[in-house]
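First comes the structure, then the notes that go with it.
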Amino acid sequence: MVNVTEEVFANGAVNPFTKSKDTIKRFTLSNGAGMSVQLITRGATITSIKTPDASGQIDDVTLGFDDLAGYQSDRNPYFGATIGRVCNRIANGSFYLDGKLVEVSKNRDNKFQLHGGFVGFDKAHWEVVEVCRDGVTLSHTNPDGHEGYPGNVTATASFTLSEDNCLHVQMSAVTDKTTPVNLTNHSYFNLAGHKSGANGLYEHNIEINAYGITETDQSSIPTGGITPVEGTGFDLRVSSNLGERLKALQPARGYDDNFCVTFTPPQPMVKVARATHPPSGRWLEVVSNQPGVQFYTSNFMPDVERGETPIPGKDGAAYAKHGAFCLETQKFPDSVNHSNFPSTILRPGDSYRHEVIYKFGVSH
């Protein structure tokens, strides 16, 4: 049996769109196998995923904060949030749409847009549409012109938990004017436990089912080229130790790349990646209908070796560089500026649908 409970996470939260004071709700989904997931209505954000290891020891394997102030802080690197209207980067904050120049906000160094702009979907207070027996569906209506985007977009995000430890996330959107839409979930995972830091991360093995990566410049902006992974440090098609892979990538800080997923049409869903943590036995498999996945190893979390202060996380955690990994399923970054990339353009009458399953298990 999956159980769903609802409680108040915070009162009096100022809504960035309406300026009203809202109650932020928290939902807990739990099953009979010892797994539980918590999410809040601010940013349709996953705040906790607890899952047993091979000996039955339960730990939280995703990074987050204890309170709303943590999520509102400028030190929050989008922990667990639903990202939109367009995740990842838009070069120069501009693109042509049906022959007309569209200029969106540039929230990174006044050079490009990242993750939807200054007030993305991650900062919205999502409404509760439905609470069902195994999960919850949330909705956010993003107004025409917000962050420079055309059209009113209504997005929904549903989160359901199964008895066999699958967290199923479905994101959909409709619009009344043609606009780009590219949503993702930005959970940060560490299967050794969310507090275990870089040492825990380095013990993982990673496998990504990808034929290439989107080539990028110094600011991680795609050039339009696709680099085959064959013979490079990005060939993760065979599971290998992440710590050793990160060492081999130096002087690069780590992975922060869109991997182009290998699909065999007409396959609707495909295994994107698998991470395993041999010491605990925990594994995570990601299955999705999206053509890309951003693999990010928290390179820009504080570098304590350089004297930077860790991010104070939930339960007394101190989060720092290489303290977690993200597998953000998506269409390719900056697709609006590259006609050879899968299109992110959504037109009135059409529906955007993004499905991703995070399946957790243990190897004994």
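Naming works like this for the structure tokens: A, B, ... for the chains as they're shown, residue 1 at the start of each chain, ligands 1 onward in shown order.
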Strand (DSSP E or B) residues, from DSSP on the backbone, in range 116-179 of chain A, as an MDAnalysis selection string:
chainID A and resid 125 127:132 135:142 153:161 166:175 179
Write out the residues from the selection above, keeping N, CA and C atoms, as an mmCIF file, in the first residue's frame.
data_model
loop_
_atom_site.group_PDB
_atom_site.id
_atom_site.type_symbol
_atom_site.label_atom_id
_atom_site.label_comp_id
_atom_site.auth_asym_id
_atom_site.auth_seq_id
_atom_site.Cartn_x
_atom_site.Cartn_y
_atom_site.Cartn_z
ATOM 1 N N HIS A 125 4.714 29.078 -6.545
ATOM 2 C CA HIS A 125 3.920 28.297 -5.587
ATOM 3 C C HIS A 125 2.893 27.512 -6.405
ATOM 4 N N GLU A 127 -0.093 24.946 -7.370
ATOM 5 C CA GLU A 127 -1.383 24.606 -6.767
ATOM 6 C C GLU A 127 -1.582 23.095 -6.758
ATOM 7 N N VAL A 128 -2.299 22.626 -5.765
ATOM 8 C CA VAL A 128 -2.601 21.194 -5.680
ATOM 9 C C VAL A 128 -3.826 20.913 -6.543
ATOM 10 N N VAL A 129 -3.652 20.074 -7.563
ATOM 11 C CA VAL A 129 -4.753 19.723 -8.459
ATOM 12 C C VAL A 129 -5.478 18.496 -7.933
ATOM 13 N N GLU A 130 -4.683 17.505 -7.517
ATOM 14 C CA GLU A 130 -5.278 16.240 -7.087
ATOM 15 C C GLU A 130 -4.332 15.509 -6.148
ATOM 16 N N VAL A 131 -4.906 14.954 -5.094
ATOM 17 C CA VAL A 131 -4.163 14.021 -4.244
ATOM 18 C C VAL A 131 -4.814 12.664 -4.467
ATOM 19 N N CYS A 132 -4.040 11.709 -4.961
ATOM 20 C CA CYS A 132 -4.612 10.390 -5.229
ATOM 21 C C CYS A 132 -4.009 9.361 -4.284
ATOM 22 N N GLY A 135 -0.078 9.311 -4.912
ATOM 23 C CA GLY A 135 0.725 10.489 -5.234
ATOM 24 C C GLY A 135 -0.074 11.768 -5.292
ATOM 25 N N VAL A 136 0.524 12.767 -5.927
ATOM 26 C CA VAL A 136 -0.073 14.100 -5.979
ATOM 27 C C VAL A 136 0.239 14.758 -7.322
ATOM 28 N N THR A 137 -0.708 15.592 -7.801
ATOM 29 C CA THR A 137 -0.505 16.363 -9.029
ATOM 30 C C THR A 137 -0.581 17.846 -8.696
ATOM 31 N N LEU A 138 0.428 18.599 -9.133
ATOM 32 C CA LEU A 138 0.518 20.036 -8.889
ATOM 33 C C LEU A 138 0.460 20.784 -10.220
ATOM 34 N N SER A 139 0.067 22.067 -10.156
ATOM 35 C CA SER A 139 -0.078 22.853 -11.380
ATOM 36 C C SER A 139 0.423 24.277 -11.170
ATOM 37 N N HIS A 140 1.003 24.846 -12.222
ATOM 38 C CA HIS A 140 1.452 26.246 -12.198
ATOM 39 C C HIS A 140 1.088 26.891 -13.525
ATOM 40 N N THR A 141 0.396 28.045 -13.457
ATOM 41 C CA THR A 141 0.110 28.804 -14.677
ATOM 42 C C THR A 141 1.074 29.974 -14.740
ATOM 43 N N ASN A 142 1.901 29.970 -15.782
ATOM 44 C CA ASN A 142 2.961 30.952 -15.959
ATOM 45 C C ASN A 142 2.463 32.036 -16.922
ATOM 46 N N VAL A 153 1.292 29.727 -20.053
ATOM 47 C CA VAL A 153 1.578 28.289 -20.058
ATOM 48 C C VAL A 153 1.058 27.677 -18.762
ATOM 49 N N THR A 154 0.254 26.638 -18.901
ATOM 50 C CA THR A 154 -0.180 25.889 -17.713
ATOM 51 C C THR A 154 0.572 24.570 -17.685
ATOM 52 N N ALA A 155 1.367 24.415 -16.624
ATOM 53 C CA ALA A 155 2.191 23.211 -16.477
ATOM 54 C C ALA A 155 1.653 22.373 -15.330
ATOM 55 N N THR A 156 1.740 21.062 -15.468
ATOM 56 C CA THR A 156 1.412 20.176 -14.349
ATOM 57 C C THR A 156 2.596 19.247 -14.100
ATOM 58 N N ALA A 157 2.746 18.891 -12.837
ATOM 59 C CA ALA A 157 3.783 17.928 -12.447
ATOM 60 C C ALA A 157 3.130 16.939 -11.506
ATOM 61 N N SER A 158 3.151 15.669 -11.873
ATOM 62 C CA SER A 158 2.578 14.657 -10.984
ATOM 63 C C SER A 158 3.683 13.731 -10.495
ATOM 64 N N PHE A 159 3.583 13.385 -9.232
ATOM 65 C CA PHE A 159 4.581 12.551 -8.557
ATOM 66 C C PHE A 159 3.846 11.365 -7.952
ATOM 67 N N THR A 160 4.188 10.159 -8.374
ATOM 68 C CA THR A 160 3.570 8.972 -7.790
ATOM 69 C C THR A 160 4.652 7.973 -7.395
ATOM 70 N N LEU A 161 4.358 7.208 -6.343
ATOM 71 C CA LEU A 161 5.303 6.207 -5.836
ATOM 72 C C LEU A 161 4.670 4.833 -5.986
ATOM 73 N N CYS A 166 9.584 2.793 -7.383
ATOM 74 C CA CYS A 166 9.698 3.690 -8.531
ATOM 75 C C CYS A 166 9.025 5.020 -8.197
ATOM 76 N N LEU A 167 9.761 6.097 -8.321
ATOM 77 C CA LEU A 167 9.167 7.427 -8.260
ATOM 78 C C LEU A 167 8.922 7.861 -9.703
ATOM 79 N N HIS A 168 7.650 8.032 -10.029
ATOM 80 C CA HIS A 168 7.239 8.320 -11.398
ATOM 81 C C HIS A 168 6.882 9.804 -11.463
ATOM 82 N N VAL A 169 7.587 10.574 -12.278
ATOM 83 C CA VAL A 169 7.305 12.010 -12.417
ATOM 84 C C VAL A 169 6.832 12.266 -13.843
ATOM 85 N N GLN A 170 5.664 12.905 -13.952
ATOM 86 C CA GLN A 170 5.137 13.266 -15.277
ATOM 87 C C GLN A 170 4.929 14.766 -15.315
ATOM 88 N N MET A 171 5.559 15.413 -16.286
ATOM 89 C CA MET A 171 5.440 16.861 -16.454
ATOM 90 C C MET A 171 4.753 17.132 -17.787
ATOM 91 N N SER A 172 3.746 17.994 -17.755
ATOM 92 C CA SER A 172 3.054 18.316 -19.003
ATOM 93 C C SER A 172 2.801 19.813 -19.050
ATOM 94 N N ALA A 173 2.518 20.333 -20.246
ATOM 95 C CA ALA A 173 2.256 21.765 -20.389
ATOM 96 C C ALA A 173 1.435 22.026 -21.637
ATOM 97 N N VAL A 174 0.595 23.065 -21.557
ATOM 98 C CA VAL A 174 -0.141 23.583 -22.720
ATOM 99 C C VAL A 174 0.043 25.099 -22.735
ATOM 100 N N THR A 175 -0.163 25.716 -23.902
ATOM 101 C CA THR A 175 0.057 27.151 -24.053
ATOM 102 C C THR A 175 -1.012 27.768 -24.952
ATOM 103 N N THR A 179 5.505 29.006 -27.890
ATOM 104 C CA THR A 179 6.588 29.302 -26.940
ATOM 105 C C THR A 179 7.469 28.065 -26.770
#
Output as JSON lines one row per residue of range 121-234 of chain A within 9 Å of range 299-319 of chain A: the closest atom pair and its distance in Å to one decimal place, counting only C-alpha atoms, sorted by chain and residue number ascending.
{"residue": "A:His194", "atom": "CA", "partner": "A:Ala317", "partner_atom": "CA", "distance": 7.7}
{"residue": "A:Lys195", "atom": "CA", "partner": "A:Ala317", "partner_atom": "CA", "distance": 5.3}
{"residue": "A:Ser196", "atom": "CA", "partner": "A:Ala317", "partner_atom": "CA", "distance": 8.7}
{"residue": "A:Gly197", "atom": "CA", "partner": "A:Tyr319", "partner_atom": "CA", "distance": 6.7}
Closest of A:Phe332, A:Phe65, A:Trp126, A:Tyr71 to Arg89 in chain A - atom-to-atom distances counting only C-alpha atoms:
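Under the stated criterion, the closest residue is A:Phe332.
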In Å, rounded to a single decimal, give me how far CA of Leu201 in chain A is from CA of Gly292 in chain A.
22.4 Å
Between CA of Val229 in chain A and CA of Tyr211 in chain A, what distance in Å does the model show, to one decimal?
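Separation of CA of Val229 in chain A and CA of Tyr211 in chain A: 5.8 Å.
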